[in-house]
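Here is the structure we will look at.
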Amino acid sequence: MYGIVNKAIEDLVKTNFGEEKWDLIREKSGIEHDFFISDEAYDDDVTFKLATAVSEEMNMTIPEVLIAFGEWWVIKTTKDKYSGLMESGGSTLQDFLKNLPSFHNRVMLIYPKLTPPEFKVTDIQENSLQLHYFSKREGLQEFVRGLIQGLSIMFATKTTIELLKTRYKGDTHEIFKISW
């Protein structure tokens, strides 16, 4: 993953819990990086070690950490650093979700070594849709849930997110039903 992901985890912890808590988490994770360079690629293991250390230090489950991080990613990181890109995704939650495939194509222009997930939207109704999530990385479905929750906050749209299918149960990918 790119350093911007790890930097965002660092920002989330420092903003909400302080510098000392971040130092404890970094130490507990065993990560020796003093800082992360946003556009440099890091092994996925670094991110998972940080998430595990946050989980242990903050007495949260890994899914809770991933959800919180997903929300933070949308509400703080992308909104602050990529506001123009976020605004180009659509003016409503439904539009933004429908535009996710082309949105990630634009992100790849910024981060050419990125291996982004793929999204597909089906079963579009007036008040719901199904979001298919395909990724080579396993274990990030709750991060995606957090991203959806963050987008819901960003668009001031109360949503219900239901996981219909998951690789944990033998499916080929995750499918979320998002209702508003």
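How things are named: the first chain in the structure tokens is A, the next is B, and so on; residues count from 1 in each chain; ligands count from 1 in the order shown.
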**Item:** Nearby residues (only C-alpha atoms) at most 12 Å from A:Asp123, same-chain spacing under 3 positions excluded, as a PyMOL selection string
**Value:** chain A and resi 94+98+120+126-132+175-179
**Prompt:** Which polymer residues have any atom within 8 Å of an atom of A:Arg26, counting only C-alpha atoms, with same-chain residues fewer than 4 positions away left out, as a list in words?
**Reply:** Trp22, Gly30, Ile31, Glu32, Leu50 and Ala53 of chain A
**Prompt:** Nearest to A:Thr115: which of A:Gln141, A:Pro101, A:Glu57, A:Lys136 is it, counting only C-alpha atoms?
**Reply:**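 The shortest atom-to-atom distance to A:Thr115 comes from A:Lys136.
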**Message:** When DSSP is applied to the backbone of this structure, which of chain A are assigned strand (DSSP E or B)? Write them out as a ChimeraX atom specification.
**Reply:** /A:2,41,118-122,128-134,160-165,174-179
Residues of stretch 59-80 of chain A that approach stretch 150-171 of chain A to 6 Å or less, counting only C-alpha atoms: could you list each one with the shortest pair of atoms and its distance in Å to one decimal, rows by chain and increasing residue number, as a tab-separated table?
```
residue	atom	partner	partner_atom	distance
A:Glu71	CA	A:Gly150	CA	4.0
A:Val74	CA	A:Gly150	CA	5.3
A:Ile75	CA	A:Gly150	CA	5.8
```
File of the preceding selection, N, CA, C and O atoms, as a PDB file, in the first residue's frame:
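Once written, part-v4.pdb looks like this:
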```
ATOM      1  N   GLU A  71     -13.829   5.337   7.678  1.00  0.00           N
ATOM      2  CA  GLU A  71     -14.534   6.616   7.843  1.00  0.00           C
ATOM      3  C   GLU A  71     -13.547   7.777   7.813  1.00  0.00           C
ATOM      4  O   GLU A  71     -13.783   8.789   7.147  1.00  0.00           O
ATOM      5  N   VAL A  74     -12.225   8.755   4.330  1.00  0.00           N
ATOM      6  CA  VAL A  74     -13.125   9.570   3.510  1.00  0.00           C
ATOM      7  C   VAL A  74     -13.281  10.971   4.093  1.00  0.00           C
ATOM      8  O   VAL A  74     -13.122  11.971   3.394  1.00  0.00           O
ATOM      9  N   ILE A  75     -13.609  11.037   5.381  1.00  0.00           N
ATOM     10  CA  ILE A  75     -13.970  12.316   5.992  1.00  0.00           C
ATOM     11  C   ILE A  75     -12.770  13.250   6.117  1.00  0.00           C
ATOM     12  O   ILE A  75     -12.909  14.459   5.953  1.00  0.00           O
TER      13      ILE A  75
END
```
**Message:** Report, in Å to a single decimal, how far apart atom CA of A:Val144 and atom CA of A:Trp180 are.
**Reply:**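 Rounded to one decimal, the two atoms are 17.1 Å apart.
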**Item:** Among listed residues A:Lys21, A:Arg145, A:Lys81, A:Lys7, nearest A:Asp34 (using only C-alpha atoms)
**Value:**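 Nearest candidate to A:Asp34 out of A:Lys21, A:Arg145, A:Lys81, A:Lys7: A:Lys7.
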**Message:** DSSP on the backbone: which residues in chain A end up as helix (DSSP H, G or I)? Give the answer as a VMD selection string.
**Reply:** chain A and resid 3 to 17 19 to 29 44 to 58 62 to 81 83 to 87 93 to 98 100 to 110 141 to 154 167 to 169
Those same residues - C-alpha atoms - I'd like them written as a CSV table (one decimal), in the first residue's frame.
```csv
chain,number,residue,atom,x,y,z
A,3,GLY,CA,2.5,5.5,2.4
A,4,ILE,CA,-0.6,7.8,2.4
A,5,VAL,CA,-2.6,4.9,3.9
A,6,ASN,CA,-0.1,4.4,6.7
A,7,LYS,CA,0.2,8.2,7.2
A,8,ALA,CA,-3.6,8.4,7.5
A,9,ILE,CA,-3.6,5.8,10.3
A,10,GLU,CA,-0.9,7.8,12.0
A,11,ASP,CA,-3.0,11.0,11.6
A,12,LEU,CA,-6.1,9.3,12.9
A,13,VAL,CA,-4.3,8.1,16.1
A,14,LYS,CA,-2.5,11.4,16.7
A,15,THR,CA,-5.6,13.5,16.2
A,16,ASN,CA,-7.8,11.5,18.4
A,17,PHE,CA,-5.4,10.1,21.0
A,19,GLU,CA,1.5,11.7,19.8
A,20,GLU,CA,2.4,9.5,22.8
A,21,LYS,CA,-0.3,7.0,21.9
A,22,TRP,CA,1.0,6.9,18.3
A,23,ASP,CA,4.5,6.2,19.6
A,24,LEU,CA,3.2,3.3,21.7
A,25,ILE,CA,1.3,1.9,18.7
A,26,ARG,CA,4.3,2.3,16.4
A,27,GLU,CA,6.5,0.5,18.9
A,28,LYS,CA,4.0,-2.3,19.5
A,29,SER,CA,3.6,-2.8,15.8
A,44,ASP,CA,0.8,-4.4,3.0
A,45,ASP,CA,2.2,-6.1,6.1
A,46,VAL,CA,3.1,-2.7,7.5
A,47,THR,CA,-0.5,-1.5,7.4
A,48,PHE,CA,-1.8,-4.7,8.9
A,49,LYS,CA,0.8,-4.6,11.7
A,50,LEU,CA,-0.3,-1.0,12.5
A,51,ALA,CA,-4.0,-1.9,12.5
A,52,THR,CA,-3.3,-4.8,14.8
A,53,ALA,CA,-1.3,-2.6,17.2
A,54,VAL,CA,-4.1,0.0,17.2
A,55,SER,CA,-6.6,-2.8,18.0
A,56,GLU,CA,-4.5,-4.0,20.9
A,57,GLU,CA,-3.6,-0.6,22.3
A,58,MET,CA,-7.1,0.9,21.9
A,62,ILE,CA,-9.7,-5.4,14.1
A,63,PRO,CA,-13.1,-4.8,12.3
A,64,GLU,CA,-13.8,-1.8,14.5
A,65,VAL,CA,-10.3,-0.4,13.7
A,66,LEU,CA,-10.8,-0.9,9.9
A,67,ILE,CA,-14.3,0.7,10.0
A,68,ALA,CA,-13.0,3.7,12.0
A,69,PHE,CA,-10.1,4.0,9.5
A,70,GLY,CA,-12.4,3.8,6.5
A,71,GLU,CA,-14.5,6.6,7.8
A,72,TRP,CA,-11.4,8.7,8.6
A,73,TRP,CA,-10.0,8.0,5.1
A,74,VAL,CA,-13.1,9.6,3.5
A,75,ILE,CA,-14.0,12.3,6.0
A,76,LYS,CA,-10.5,13.6,6.7
A,77,THR,CA,-7.7,12.2,4.4
A,78,THR,CA,-9.4,12.3,1.0
A,79,LYS,CA,-11.4,15.4,1.7
A,80,ASP,CA,-8.4,17.3,2.8
A,81,LYS,CA,-5.9,16.1,0.3
A,83,SER,CA,-11.1,17.5,-2.5
A,84,GLY,CA,-11.3,18.1,-6.2
A,85,LEU,CA,-11.1,14.4,-6.9
A,86,MET,CA,-13.8,13.6,-4.4
A,87,GLU,CA,-16.1,16.3,-5.8
A,93,LEU,CA,-24.0,9.1,-2.5
A,94,GLN,CA,-25.7,7.0,-5.2
A,95,ASP,CA,-23.8,8.9,-8.0
A,96,PHE,CA,-20.5,8.6,-6.2
A,97,LEU,CA,-21.0,4.8,-5.7
A,98,LYS,CA,-22.0,4.4,-9.3
A,100,LEU,CA,-16.4,4.3,-8.3
A,101,PRO,CA,-14.9,2.4,-11.2
A,102,SER,CA,-14.0,5.6,-13.1
A,103,PHE,CA,-13.0,7.2,-9.8
A,104,HIS,CA,-10.3,4.6,-9.2
A,105,ASN,CA,-9.1,5.1,-12.8
A,106,ARG,CA,-8.4,8.7,-11.9
A,107,VAL,CA,-6.7,7.7,-8.7
A,108,MET,CA,-4.4,5.5,-10.7
A,109,LEU,CA,-3.2,8.6,-12.5
A,110,ILE,CA,-1.9,9.9,-9.2
A,141,GLN,CA,-14.2,-5.7,3.8
A,142,GLU,CA,-14.7,-3.8,7.1
A,143,PHE,CA,-12.5,-1.0,5.8
A,144,VAL,CA,-14.8,-0.8,2.8
A,145,ARG,CA,-17.8,-0.7,5.2
A,146,GLY,CA,-16.0,2.2,6.9
A,147,LEU,CA,-15.5,3.9,3.5
A,148,ILE,CA,-19.2,3.6,2.7
A,149,GLN,CA,-20.1,5.0,6.2
A,150,GLY,CA,-17.6,7.9,5.6
A,151,LEU,CA,-19.2,8.6,2.2
A,152,SER,CA,-22.7,8.5,3.9
A,153,ILE,CA,-21.5,11.1,6.4
A,154,MET,CA,-19.9,13.2,3.6
A,167,ARG,CA,-15.1,-14.5,0.7
A,168,TYR,CA,-15.1,-15.6,4.3
A,169,LYS,CA,-18.1,-17.8,3.5
```
**Message:** Just the number, please: distance in Å from atom CA of A:Asp43 to atom CA of A:Lys113, one decimal.
**Reply:**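 Rounded to one decimal, the two atoms are 12.5 Å apart.
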